[in-house]
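Source file input-v8.txt; content: compact mmCIF, C-alpha atoms and all ligand atoms.
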```
# COMPACT_ATOMS: atom_id res chain seq x y z
CA MET R 111 81.07 138.81 52.54
CA LYS R 112 84.50 137.42 53.32
CA LEU R 113 87.09 137.18 56.04
CA ASN R 114 89.34 140.21 56.45
CA ASP R 115 93.10 139.72 55.93
CA GLU R 116 93.85 139.39 59.64
CA ASN R 117 91.27 136.63 59.98
CA LEU R 118 92.35 134.89 56.77
CA LEU R 119 95.80 134.67 58.38
CA ALA R 120 94.37 133.44 61.71
CA ALA R 121 92.28 130.78 59.95
CA HIS R 122 95.31 129.67 57.94
CA LEU R 123 97.52 129.47 61.04
CA ILE R 124 94.91 127.37 62.85
CA SER R 125 94.75 124.98 59.90
CA ILE R 126 98.53 124.57 59.50
CA ALA R 127 98.98 124.05 63.27
CA ASP R 128 97.29 120.66 62.77
CA GLY R 129 100.00 119.35 60.43
CA VAL R 130 103.03 117.19 61.19
CA TYR R 131 106.06 119.20 62.30
CA GLU R 132 107.83 119.38 58.92
CA GLU R 133 104.67 120.44 57.06
CA THR R 134 103.91 123.16 59.59
CA ALA R 135 107.52 124.37 59.39
CA ALA R 136 107.33 124.54 55.58
CA ARG R 137 104.03 126.49 55.70
CA ILE R 138 105.54 128.94 58.20
CA GLY R 139 108.40 129.48 55.75
CA GLU R 140 105.88 130.29 52.99
CA ILE R 141 103.99 132.80 55.14
CA GLY R 142 107.13 134.37 56.66
CA THR R 143 108.52 133.76 60.12
CA ASP R 144 108.04 137.37 61.27
CA THR R 145 104.39 137.40 60.20
CA VAL R 146 103.73 134.13 62.01
CA ALA R 147 105.64 135.13 65.16
CA ASP R 148 103.83 138.46 65.31
CA ALA R 149 100.36 136.89 64.90
CA VAL R 150 100.99 134.11 67.43
CA LEU R 151 102.44 136.49 70.02
CA LYS R 152 99.45 138.81 69.55
CA GLU R 153 97.13 135.89 70.24
CA ILE R 154 99.09 134.94 73.38
CA ALA R 155 99.04 138.55 74.58
CA TRP R 156 95.28 138.84 73.97
CA ARG R 157 94.56 135.67 75.95
CA ALA R 158 96.92 136.70 78.76
CA ASP R 159 95.53 140.24 78.87
CA HIS R 160 91.99 138.85 79.32
CA ASN R 161 93.04 136.54 82.14
CA ALA R 162 93.92 138.78 85.12
CA PRO R 163 97.20 140.24 83.81
CA PRO R 164 100.01 141.27 86.21
CA SER R 165 99.32 144.31 88.39
CA GLN R 166 102.32 146.18 86.99
CA PRO R 167 103.84 146.15 83.48
CA VAL R 168 106.20 143.28 82.71
CA THR R 169 108.21 143.05 79.50
CA ALA R 170 108.93 139.46 78.57
CA VAL R 171 111.59 138.51 76.04
CA PHE R 172 110.64 135.82 73.52
CA GLU R 173 113.57 134.04 71.88
CA LEU R 174 111.94 132.05 69.10
CA THR R 175 113.84 129.72 66.82
CA HIS R 176 112.99 128.54 63.36
CA GLU R 177 115.22 126.52 61.05
CA GLY R 178 118.44 127.61 62.70
CA LYS R 179 117.53 131.30 63.03
CA GLN R 180 116.58 133.16 66.20
CA LEU R 181 113.84 135.80 66.30
CA ASP R 182 113.80 138.10 69.32
CA TYR R 183 110.55 139.73 70.42
CA LEU R 184 109.34 141.74 73.39
CA MET R 185 105.87 141.44 74.89
CA THR R 186 104.64 143.85 77.57
CA LEU R 187 101.73 142.69 79.72
CA GLY R 188 100.00 144.54 82.52
CA ALA R 189 100.08 147.92 80.77
CA ASP R 190 96.96 149.61 79.32
CA ALA R 191 97.15 147.43 76.23
CA PRO R 192 99.65 144.66 75.57
CA ALA R 193 102.53 145.68 73.30
CA ILE R 194 104.48 143.36 71.00
CA GLY R 195 107.42 144.02 68.72
CA PRO R 196 110.86 142.81 67.68
CA GLY R 197 113.58 143.56 70.23
CA ALA R 198 115.80 142.26 73.00
CA LEU R 199 116.63 143.25 76.60
CA ALA R 200 119.95 142.99 78.43
CA ASP R 201 118.62 141.89 81.81
CA PRO R 202 114.98 140.78 81.44
CA TRP R 203 112.65 139.71 84.24
CA LEU R 204 111.20 136.98 82.08
CA VAL R 205 112.50 135.03 79.09
CA VAL R 206 110.52 132.53 77.02
CA ARG R 207 112.50 130.36 74.60
CA GLN R 208 110.70 128.18 72.12
CA ASP R 209 110.75 126.68 68.69
CA LEU R 210 108.27 128.65 66.53
CA VAL R 211 106.52 125.56 65.12
CA GLU R 212 105.89 124.30 68.64
CA LEU R 213 104.70 127.68 69.83
CA LEU R 214 102.22 127.81 66.96
CA ARG R 215 101.06 124.26 67.74
CA ALA R 216 100.70 125.07 71.45
CA VAL R 217 98.53 128.10 70.71
CA TYR R 218 96.44 126.91 67.77
CA GLY R 219 97.11 123.18 67.48
CA PRO R 220 95.16 120.15 68.63
CA PRO R 221 95.04 119.57 72.39
CA ASP R 222 97.42 116.63 72.18
CA ALA R 223 100.22 118.70 70.59
CA VAL R 224 103.34 117.61 72.47
CA ILE R 225 105.46 120.55 73.51
CA GLY R 226 109.10 119.78 74.21
CA THR R 227 111.11 122.89 73.44
CA ARG R 228 109.83 125.56 75.80
CA ALA R 229 112.02 127.09 78.48
CA ILE R 230 110.84 129.87 80.75
CA ALA R 231 113.25 131.72 83.03
CA LEU R 232 112.60 134.36 85.66
CA LYS R 233 115.36 136.62 86.95
CA ASP R 234 117.11 134.92 89.85
CA GLU R 235 117.16 136.41 93.32
CA PRO R 236 120.76 137.26 94.31
CA GLY R 237 120.41 135.18 97.46
CA PRO R 238 117.73 133.63 99.69
CA GLY R 239 115.49 136.24 101.32
CA SER R 240 117.35 139.15 99.69
CA PHE R 241 114.25 141.34 99.41
CA ALA R 242 111.35 142.10 101.75
CA PRO R 243 107.85 141.28 100.39
CA ASP R 244 107.12 144.96 99.63
CA ASP R 245 110.54 145.73 98.11
CA PRO R 246 110.21 147.02 94.50
CA TRP R 247 112.50 144.20 93.29
CA ARG R 248 110.23 141.59 94.91
CA LEU R 249 107.07 143.24 93.52
CA ALA R 250 108.55 143.35 90.01
CA ARG R 251 109.54 139.71 90.21
CA ASP R 252 106.10 138.70 91.52
CA ALA R 253 104.55 140.53 88.57
CA ALA R 254 106.93 138.68 86.22
CA ALA R 255 105.86 135.36 87.79
CA VAL R 256 102.19 136.26 87.15
CA ALA R 257 103.04 137.18 83.55
CA ALA R 258 104.83 133.82 83.13
CA ASP R 259 101.78 131.99 84.44
CA ARG R 260 99.43 133.88 82.08
CA ILE R 261 101.71 133.17 79.10
CA ILE R 262 101.89 129.45 79.94
CA THR R 263 98.12 129.33 80.37
CA ALA R 264 97.61 131.10 77.04
CA CYS R 265 99.73 128.44 75.33
CA ARG R 266 97.81 125.36 76.37
CA PRO R 267 94.35 123.90 76.03
CA TYR R 268 92.57 124.10 79.34
CA PRO R 269 89.02 124.12 80.52
CA TYR R 270 88.12 127.77 80.96
CA ASP R 271 85.12 127.95 83.21
CA LEU R 272 82.39 129.59 81.15
CA ASN R 273 80.61 131.11 84.16
CA ALA R 274 83.83 132.81 85.19
CA LEU R 275 84.57 133.91 81.61
CA SER R 276 81.12 135.46 81.34
CA LEU R 277 81.69 137.54 84.45
CA GLN R 278 85.20 138.45 83.35
CA PHE R 279 84.12 139.62 79.88
CA GLY R 280 81.00 141.39 81.17
CA SER R 281 78.46 139.22 79.32
CA ASP R 282 75.03 138.81 80.89
CA LYS R 283 74.99 135.12 79.95
CA TRP R 284 75.83 134.44 83.60
CA GLY R 285 74.54 136.75 86.30
CA GLY R 286 71.84 138.58 84.30
CA HIS R 287 70.80 135.19 82.89
CA TRP R 288 72.04 131.73 83.83
CA TYR R 289 72.90 130.38 80.40
CA THR R 290 76.61 129.60 80.62
CA GLN R 291 75.89 126.46 82.65
CA GLN R 292 73.90 125.10 79.68
CA TYR R 293 76.50 126.34 77.22
CA ALA R 294 79.27 124.60 79.19
CA GLU R 295 77.41 121.32 78.94
CA HIS R 296 76.72 121.55 75.19
CA PHE R 297 79.95 123.22 74.04
CA ALA R 298 82.50 121.22 76.07
CA ALA R 299 83.01 118.60 73.36
CA LEU R 300 83.77 121.33 70.79
CA ARG R 301 86.15 123.33 72.96
CA ASP R 302 89.33 122.33 71.17
CA SER R 303 87.82 122.08 67.68
CA ARG R 304 88.26 124.50 64.82
CA VAL R 305 84.75 125.85 65.26
CA ARG R 306 83.03 128.67 63.42
CA VAL R 307 80.67 130.45 65.77
CA LEU R 308 78.06 132.98 64.66
CA GLU R 309 76.20 135.02 67.24
CA LEU R 310 73.25 137.22 66.25
CA GLY R 311 73.34 140.34 68.44
CA ILE R 312 76.69 141.87 69.37
CA GLY R 313 75.42 144.25 72.06
CA GLY R 314 75.98 147.95 72.63
CA TYR R 315 73.28 148.93 70.10
CA GLN R 316 74.18 152.16 68.15
CA ALA R 317 77.73 152.61 69.51
CA PRO R 318 80.28 151.19 66.99
CA THR R 319 82.89 150.29 69.62
CA ALA R 320 80.52 149.06 72.36
CA GLY R 321 79.43 145.46 72.84
CA GLY R 322 81.12 142.21 71.88
CA ALA R 323 81.32 140.80 75.43
CA SER R 324 80.00 137.37 74.52
CA LEU R 325 82.01 137.27 71.27
CA ARG R 326 85.23 137.79 73.25
CA MET R 327 84.10 135.13 75.69
CA TRP R 328 83.66 132.64 72.81
CA LYS R 329 87.04 133.66 71.41
CA GLN R 330 88.74 132.88 74.72
CA TYR R 331 86.77 129.66 75.21
CA PHE R 332 87.23 128.34 71.65
CA ARG R 333 90.97 128.89 71.33
CA ARG R 334 90.92 127.53 67.75
CA GLY R 335 87.63 129.11 66.74
CA MET R 336 86.57 131.90 64.39
CA VAL R 337 83.89 134.08 65.94
CA TYR R 338 81.44 136.15 63.90
CA GLY R 339 78.92 138.57 65.31
CA LEU R 340 75.96 140.04 63.45
CA ASP R 341 74.30 143.27 64.49
CA TYR R 342 71.80 145.64 63.00
CA PHE R 343 74.21 148.48 63.78
CA ASP R 344 77.77 149.10 62.60
CA LYS R 345 80.14 147.36 65.03
CA SER R 346 83.32 147.60 62.97
CA GLY R 347 85.10 149.10 66.00
CA ILE R 348 85.24 145.76 67.82
CA ALA R 349 87.04 143.79 65.07
CA GLU R 350 90.15 141.88 66.11
CA PRO R 351 91.86 138.65 65.04
CA ARG R 352 89.43 135.69 65.18
CA LEU R 353 86.51 138.03 65.86
CA GLN R 354 84.67 139.59 62.94
CA PRO R 355 81.63 141.85 63.30
CA LEU R 356 79.09 141.93 60.46
CA GLN R 357 76.30 144.38 59.89
CA GLY R 358 72.82 143.32 58.82
CA ASP R 359 69.26 142.55 59.84
CA GLN R 360 68.50 139.14 61.31
CA GLY R 361 64.97 139.55 59.97
CA ASP R 362 66.20 139.73 56.35
CA ALA R 363 66.25 136.18 54.98
CA SER R 364 68.05 136.99 51.73
CA PHE R 365 70.84 138.77 53.60
CA LEU R 366 71.19 135.76 55.92
CA HIS R 367 71.43 133.39 52.94
CA GLU R 368 74.26 135.52 51.56
CA LEU R 369 75.98 135.49 54.96
CA GLY R 370 75.58 131.71 55.34
CA SER R 371 76.79 130.88 51.86
CA SER R 372 79.85 133.14 52.09
CA LEU R 373 81.02 132.52 55.69
CA GLY R 374 79.36 129.24 56.66
CA PRO R 375 78.95 126.47 57.39
CA PHE R 376 78.93 127.23 61.09
CA ASP R 377 79.34 124.82 63.97
CA ILE R 378 77.41 126.97 66.41
CA ILE R 379 74.79 129.68 65.88
CA VAL R 380 73.52 131.68 68.86
CA ASP R 381 70.52 133.98 68.51
CA ASP R 382 70.85 136.78 71.06
CA GLY R 383 69.55 139.52 68.77
CA SER R 384 66.19 141.29 68.78
CA HIS R 385 64.28 138.42 70.48
CA ILE R 386 61.23 139.38 68.42
CA SER R 387 59.46 136.18 67.39
CA SER R 388 59.32 136.92 63.65
CA ASP R 389 63.10 137.66 63.62
CA VAL R 390 63.85 134.51 65.63
CA LEU R 391 61.88 132.40 63.13
CA THR R 392 63.35 134.08 60.03
CA SER R 393 66.90 133.62 61.35
CA PHE R 394 66.39 129.99 62.30
CA GLN R 395 64.75 129.05 59.01
CA ALA R 396 67.33 130.90 56.92
CA LEU R 397 70.44 129.85 58.86
CA LEU R 398 69.78 126.23 59.87
CA PRO R 399 70.82 125.06 56.37
CA TYR R 400 74.21 126.73 57.03
CA LEU R 401 74.79 124.87 60.30
CA ARG R 402 76.90 121.79 59.76
CA PRO R 403 75.35 118.43 60.69
CA GLY R 404 76.26 117.87 64.33
CA GLY R 405 76.16 121.61 64.98
CA LEU R 406 74.17 123.49 67.59
CA TYR R 407 71.63 126.30 67.15
CA VAL R 408 70.80 128.19 70.33
CA VAL R 409 67.90 130.58 70.88
CA GLU R 410 68.25 132.78 73.95
CA ASP R 411 65.68 134.78 75.89
CA THR R 412 62.69 132.72 74.84
CA GLN R 413 60.66 134.39 77.62
CA THR R 414 59.83 137.03 74.98
CA SER R 415 57.76 134.37 73.22
CA TYR R 416 55.14 134.97 75.95
CA TRP R 417 55.22 138.79 75.62
CA SER R 418 52.82 140.42 73.18
CA GLY R 419 55.03 143.45 72.50
CA TRP R 420 57.74 141.12 71.21
CA GLY R 421 55.49 139.21 68.81
CA GLY R 422 54.72 136.57 71.44
CA SER R 423 51.62 135.52 73.31
CA SER R 424 50.74 134.33 76.80
CA THR R 425 47.48 132.80 75.59
CA GLY R 426 48.22 131.31 72.17
CA THR R 427 51.34 129.49 73.33
CA ASP R 428 51.16 126.90 70.52
CA ASP R 429 50.95 129.58 67.83
CA PRO R 430 53.80 128.72 65.41
CA ALA R 431 54.28 132.45 64.75
CA THR R 432 55.75 132.77 68.28
CA SER R 433 59.26 131.53 68.89
CA ILE R 434 58.36 128.87 71.48
CA GLY R 435 55.26 127.87 69.49
CA TYR R 436 57.48 127.39 66.43
CA LEU R 437 60.22 125.54 68.33
CA LYS R 438 57.56 123.15 69.65
CA THR R 439 56.79 122.16 66.04
CA LEU R 440 60.35 120.86 65.83
CA VAL R 441 59.32 118.08 68.23
CA ASP R 442 57.19 116.81 65.33
CA ALA R 443 60.12 117.24 62.91
CA LEU R 444 62.16 115.06 65.27
CA HIS R 445 59.45 112.37 65.10
CA HIS R 446 58.55 112.80 61.43
CA GLN R 447 58.94 109.07 60.75
CA GLU R 448 56.34 108.22 63.35
CA PHE R 449 53.24 109.85 61.87
CA GLU R 450 50.53 107.54 60.62
CA LYS R 451 50.71 107.40 56.86
CA ASP R 452 47.16 108.69 56.52
CA SER R 453 47.64 111.51 59.05
CA GLY R 454 47.59 114.17 56.36
CA ARG R 455 50.58 115.92 57.93
CA ALA R 456 52.52 117.92 55.37
CA ASP R 457 56.28 117.37 55.42
CA GLY R 458 58.08 119.95 57.58
CA ALA R 459 61.03 121.96 56.24
CA PHE R 460 63.40 120.42 58.79
CA ASP R 461 62.05 116.88 58.96
CA GLY R 462 65.11 114.64 59.09
CA TRP R 463 67.41 117.39 60.38
CA ILE R 464 66.50 117.75 64.05
CA GLY R 465 68.63 115.45 66.21
CA ALA R 466 67.70 116.64 69.70
CA LEU R 467 65.95 119.54 71.42
CA HIS R 468 66.87 120.86 74.85
CA PHE R 469 64.42 123.31 76.41
CA TYR R 470 65.77 125.13 79.46
CA HIS R 471 64.43 128.14 81.27
CA ASN R 472 64.55 130.91 78.59
CA ILE R 473 67.07 129.14 76.35
CA VAL R 474 66.66 126.38 73.77
CA VAL R 475 69.48 124.31 72.26
CA ILE R 476 68.74 122.54 68.99
CA GLU R 477 71.10 119.83 67.76
CA LYS R 478 71.13 119.55 63.99
CA ARG R 479 71.66 115.94 63.00
CA ARG R 480 70.50 113.72 60.20
CA SER R 481 67.56 111.95 61.78
CA VAL R 482 65.95 109.38 59.55
CA GLU R 483 65.83 106.52 62.02
CA GLN R 484 63.13 104.15 60.91
CA SER R 485 59.93 103.75 62.82
CA ALA R 486 58.68 100.41 64.20
CA PRO R 487 58.12 97.70 61.54
CA SER R 488 55.02 98.17 59.44
CA TRP R 489 53.28 95.15 60.98
CA VAL R 490 53.15 96.91 64.38
CA PRO R 491 49.59 98.30 64.45
CA ARG R 492 49.15 102.03 64.44
CA HIS R 493 45.38 102.34 64.50
CA THR R 494 44.68 99.57 67.05
CA ASN R 495 45.18 99.59 70.81
CA PRO R 496 48.14 97.22 71.27
CA MET R 497 46.48 95.41 74.20
CA GLU R 498 43.50 94.62 71.97
CA TRP R 499 45.78 93.46 69.24
CA MET R 500 47.82 91.20 71.53
CA LYS R 501 44.79 89.45 73.07
CA PRO R 502 44.53 85.79 72.00
CA LYS R 503 41.93 85.40 69.24
CA GLU R 504 38.83 83.52 70.47
C1 LIG R 601 71.21 141.66 73.98
S1 LIG R 601 72.24 142.50 72.87
C2 LIG R 601 73.44 141.25 72.49
C3 LIG R 601 74.38 140.96 73.63
C4 LIG R 601 75.53 140.07 73.29
N1 LIG R 601 75.14 138.91 72.53
C5 LIG R 601 76.24 139.60 74.55
O1 LIG R 601 75.84 138.56 75.13
O2 LIG R 601 77.20 140.27 74.94
C6 LIG R 601 71.22 142.54 71.46
C7 LIG R 601 71.83 143.14 70.20
O3 LIG R 601 71.01 142.75 69.10
C8 LIG R 601 71.01 143.77 68.14
N2 LIG R 601 69.82 143.65 67.28
C9 LIG R 601 68.55 144.04 67.56
N3 LIG R 601 67.75 143.78 66.50
C10 LIG R 601 68.51 143.23 65.54
C11 LIG R 601 68.27 142.76 64.21
N4 LIG R 601 67.06 142.81 63.67
N5 LIG R 601 69.32 142.25 63.51
C12 LIG R 601 70.54 142.19 64.05
N6 LIG R 601 70.83 142.64 65.30
C13 LIG R 601 69.84 143.14 66.03
C14 LIG R 601 71.05 145.05 68.96
O4 LIG R 601 71.57 146.12 68.21
C15 LIG R 601 71.92 144.66 70.16
O5 LIG R 601 73.25 145.10 69.97
```

Could you express the structure from this file as structure tokens?
Ligand SMILES: C[S@@+](CC[C@H](N)C(=O)[O-])C[C@H]1O[C@@H](n2cnc3c(N)ncnc32)[C@H](O)[C@@H]1O
Amino acid sequence: MKLNDENLLAAHLISIADGVYEETAARIGEIGTDTVADAVLKEIAWRADHNAPPSQPVTAVFELTHEGKQLDYLMTLGADAPAIGPGALADPWLVVRQDLVELLRAVYGPPDAVIGTRAIALKDEPGPGSFAPDDPWRLARDAAAVAADRIITACRPYPYDLNALSLQFGSDKWGGHWYTQQYAEHFAALRDSRVRVLELGIGGYQAPTAGGASLRMWKQYFRRGMVYGLDYFDKSGIAEPRLQPLQGDQGDASFLHELGSSLGPFDIIVDDGSHISSDVLTSFQALLPYLRPGGLYVVEDTQTSYWSGWGGSSTGTDDPATSIGYLKTLVDALHHQEFEKDSGRADGAFDGWIGALHFYHNIVVIEKRRSVEQSAPSWVPRHTNPMEWMKPKE
């Protein structure tokens, strides 16, 4: 399993956007200015198109400069699908001028990338109040102003509201469920990082082009992230830059090991797949080793752990074969240093790797962290009531 060419390029662009100006400029030269300009403009157009695009088509002119040369491109927003290609216009509604290195850094660079070369110009009105609000000239200019705003927004780090993104992309992580509020809390610190996100369960079941709502939401939220989705069914129809669908069974441990060793380590893994307890356990046990320390593993829809048809139980709620029953055992992994030496407890597979557990209604967030903090000193009694032990000896 490997990244496709489009995603190899995206990953490379994200990594070179971190460099000092001269290094980034040299890497752009190696890749080819047209290839870089095309990929960066496609990313801008994707972000803008998924952020309330203008109500009528607007063709913006991009005048990009790199090492003394100018590259002219056209980007149309507000049409059925955004269009990008080399070209120029005599009298454009909207012109964006920018140095290519800075444009790349603005789109894929760290949040503190200083941008000093951008100029954006809208067509000037011939005179004050020349056009009534419903005049076609005024409407076209208003649309160009919206396009300018979406382009600027696409070129800067900003806190997308995850609840709003979920609604916008049609994911049920907000509305059907109420998970994006928990995601916002746990993912905020990673928002501008070069994360690799893997979600189990793409959505849309058998249809190859259906689904992918949450994957697109992650792509918009993690502007420097690579997003992978795994589904039992073929979902090749939803592939796009920074979003790669994979086909396989989340209940097949050897397949998951292959996936983890070829595409991992991941920073975030979300299980929104079958929600059958045995699959949830197999995926967690197989994939946790491929989550980087400090990463987050999320299990959604844990209500199914109480439903017998899904491999759960409403009576045997501590049964480690159910997803919640198993996740409860991680509380012991978190405290593995605290067991009495003669307790007879066998070491758990993830002792020393559970940093924190957050149980919310129907969703659990597991922080993977090295956790080998020592217990209390050995002279602190374990088998004796401390009040007894502290009493003065008679
Ligand atoms: C609830 S949908 C995912 C929705 C998506 N994550 C979202 O939020 O937009 C569940 C998906 O899991 C997939 N699925 C079911 N069993 C699976 C398995 N054993 N392995 C991988 N995917 C599976 C289904 O095909 C379906 O597309």

- Which residues, protein or nucleic acid, reach to within 6 Å of (88.2, 133.0, 64.2) in the file's coordinates when using all atoms listed in the file, and can you give that as a PyMOL selection string? chain R and resi 335-337+352-353

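Among the candidates R:Ser415, R:Glu410, R:Pro192, R:Ala120, the one nearest to Asp429 of chain R when counting all atoms listed in the file is R:Ser415.
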
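Counting all atoms listed in the file and comparing R:His122, R:Lys283, R:His160, R:Arg479, the residue that lies closest to Val146 of chain R is R:His122.
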
Give the padded box for ligand LIG 601 (chain R) as AutoDock Vina command-line options: axis-aligned, covering all atoms listed in the file, 5 Å on each side, centre and edge lengths in Å to one decimal.
```
--center_x 72.1 --center_y 142.3 --center_z 69.3 --size_x 20.1 --size_y 17.6 --size_z 21.6
```

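Interatomic distance, atom CA of Leu467 of chain R to atom CA of Val408 of chain R: 10.0 Å.
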
- Can you pull out every residue within 12 Å of His385 of chain R, counting only C-alpha atoms, but drop anything in the same chain fewer than 4 positions away, and send it as a ChimeraX atom specification? /R:310-311,360-361,380-381,389-394,409-422,432-434,472-473

- Message: So, with only C-alpha atoms as the atoms that count, which of R:Ile126, R:Ala317, R:Ala257, R:Ile194 lies closest to Asp344 of chain R?
- Response: R:Ala317

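Comparing the minimum interatomic distances between ligand LIG 601 (chain R) and each of R:Glu309, R:Glu140, R:Asp190, R:Glu450, counting all atoms listed in the file, we find that R:Glu309 sits nearest.
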
- Item | Close residues to ligand LIG 601 (chain R) using all atoms listed in the file, limit 7 Å, as number ranges by chain | R: 281-283, 309-316, 321-325, 340-343, 358-361, 382-384, 389

Within 10 Å of (69.2, 125.5, 60.1), in the coordinates the file gives, what residues turn up when you count all atoms listed in the file, written out as a CSV table (one decimal) with C-alpha atoms, in the coordinates of the input?
```csv
chain,number,residue,atom,x,y,z
R,376,PHE,CA,78.9,127.2,61.1
R,379,ILE,CA,74.8,129.7,65.9
R,393,SER,CA,66.9,133.6,61.4
R,394,PHE,CA,66.4,130.0,62.3
R,395,GLN,CA,64.8,129.0,59.0
R,396,ALA,CA,67.3,130.9,56.9
R,397,LEU,CA,70.4,129.8,58.9
R,398,LEU,CA,69.8,126.2,59.9
R,399,PRO,CA,70.8,125.1,56.4
R,400,TYR,CA,74.2,126.7,57.0
R,401,LEU,CA,74.8,124.9,60.3
R,402,ARG,CA,76.9,121.8,59.8
R,403,PRO,CA,75.4,118.4,60.7
R,405,GLY,CA,76.2,121.6,65.0
R,406,LEU,CA,74.2,123.5,67.6
R,407,TYR,CA,71.6,126.3,67.2
R,459,ALA,CA,61.0,122.0,56.2
R,460,PHE,CA,63.4,120.4,58.8
R,463,TRP,CA,67.4,117.4,60.4
R,464,ILE,CA,66.5,117.8,64.0
R,476,ILE,CA,68.7,122.5,69.0
R,477,GLU,CA,71.1,119.8,67.8
R,478,LYS,CA,71.1,119.6,64.0
```

- Query: atom CA of Arg266 of chain R and atom CA of Ala200 of chain R are how many Å apart?
  - Reply: 28.4 Å

- Query: Separation of atom CA of Ala466 of chain R and atom CA of Asp442 of chain R, in Å?
  - Reply: 11.4 Å
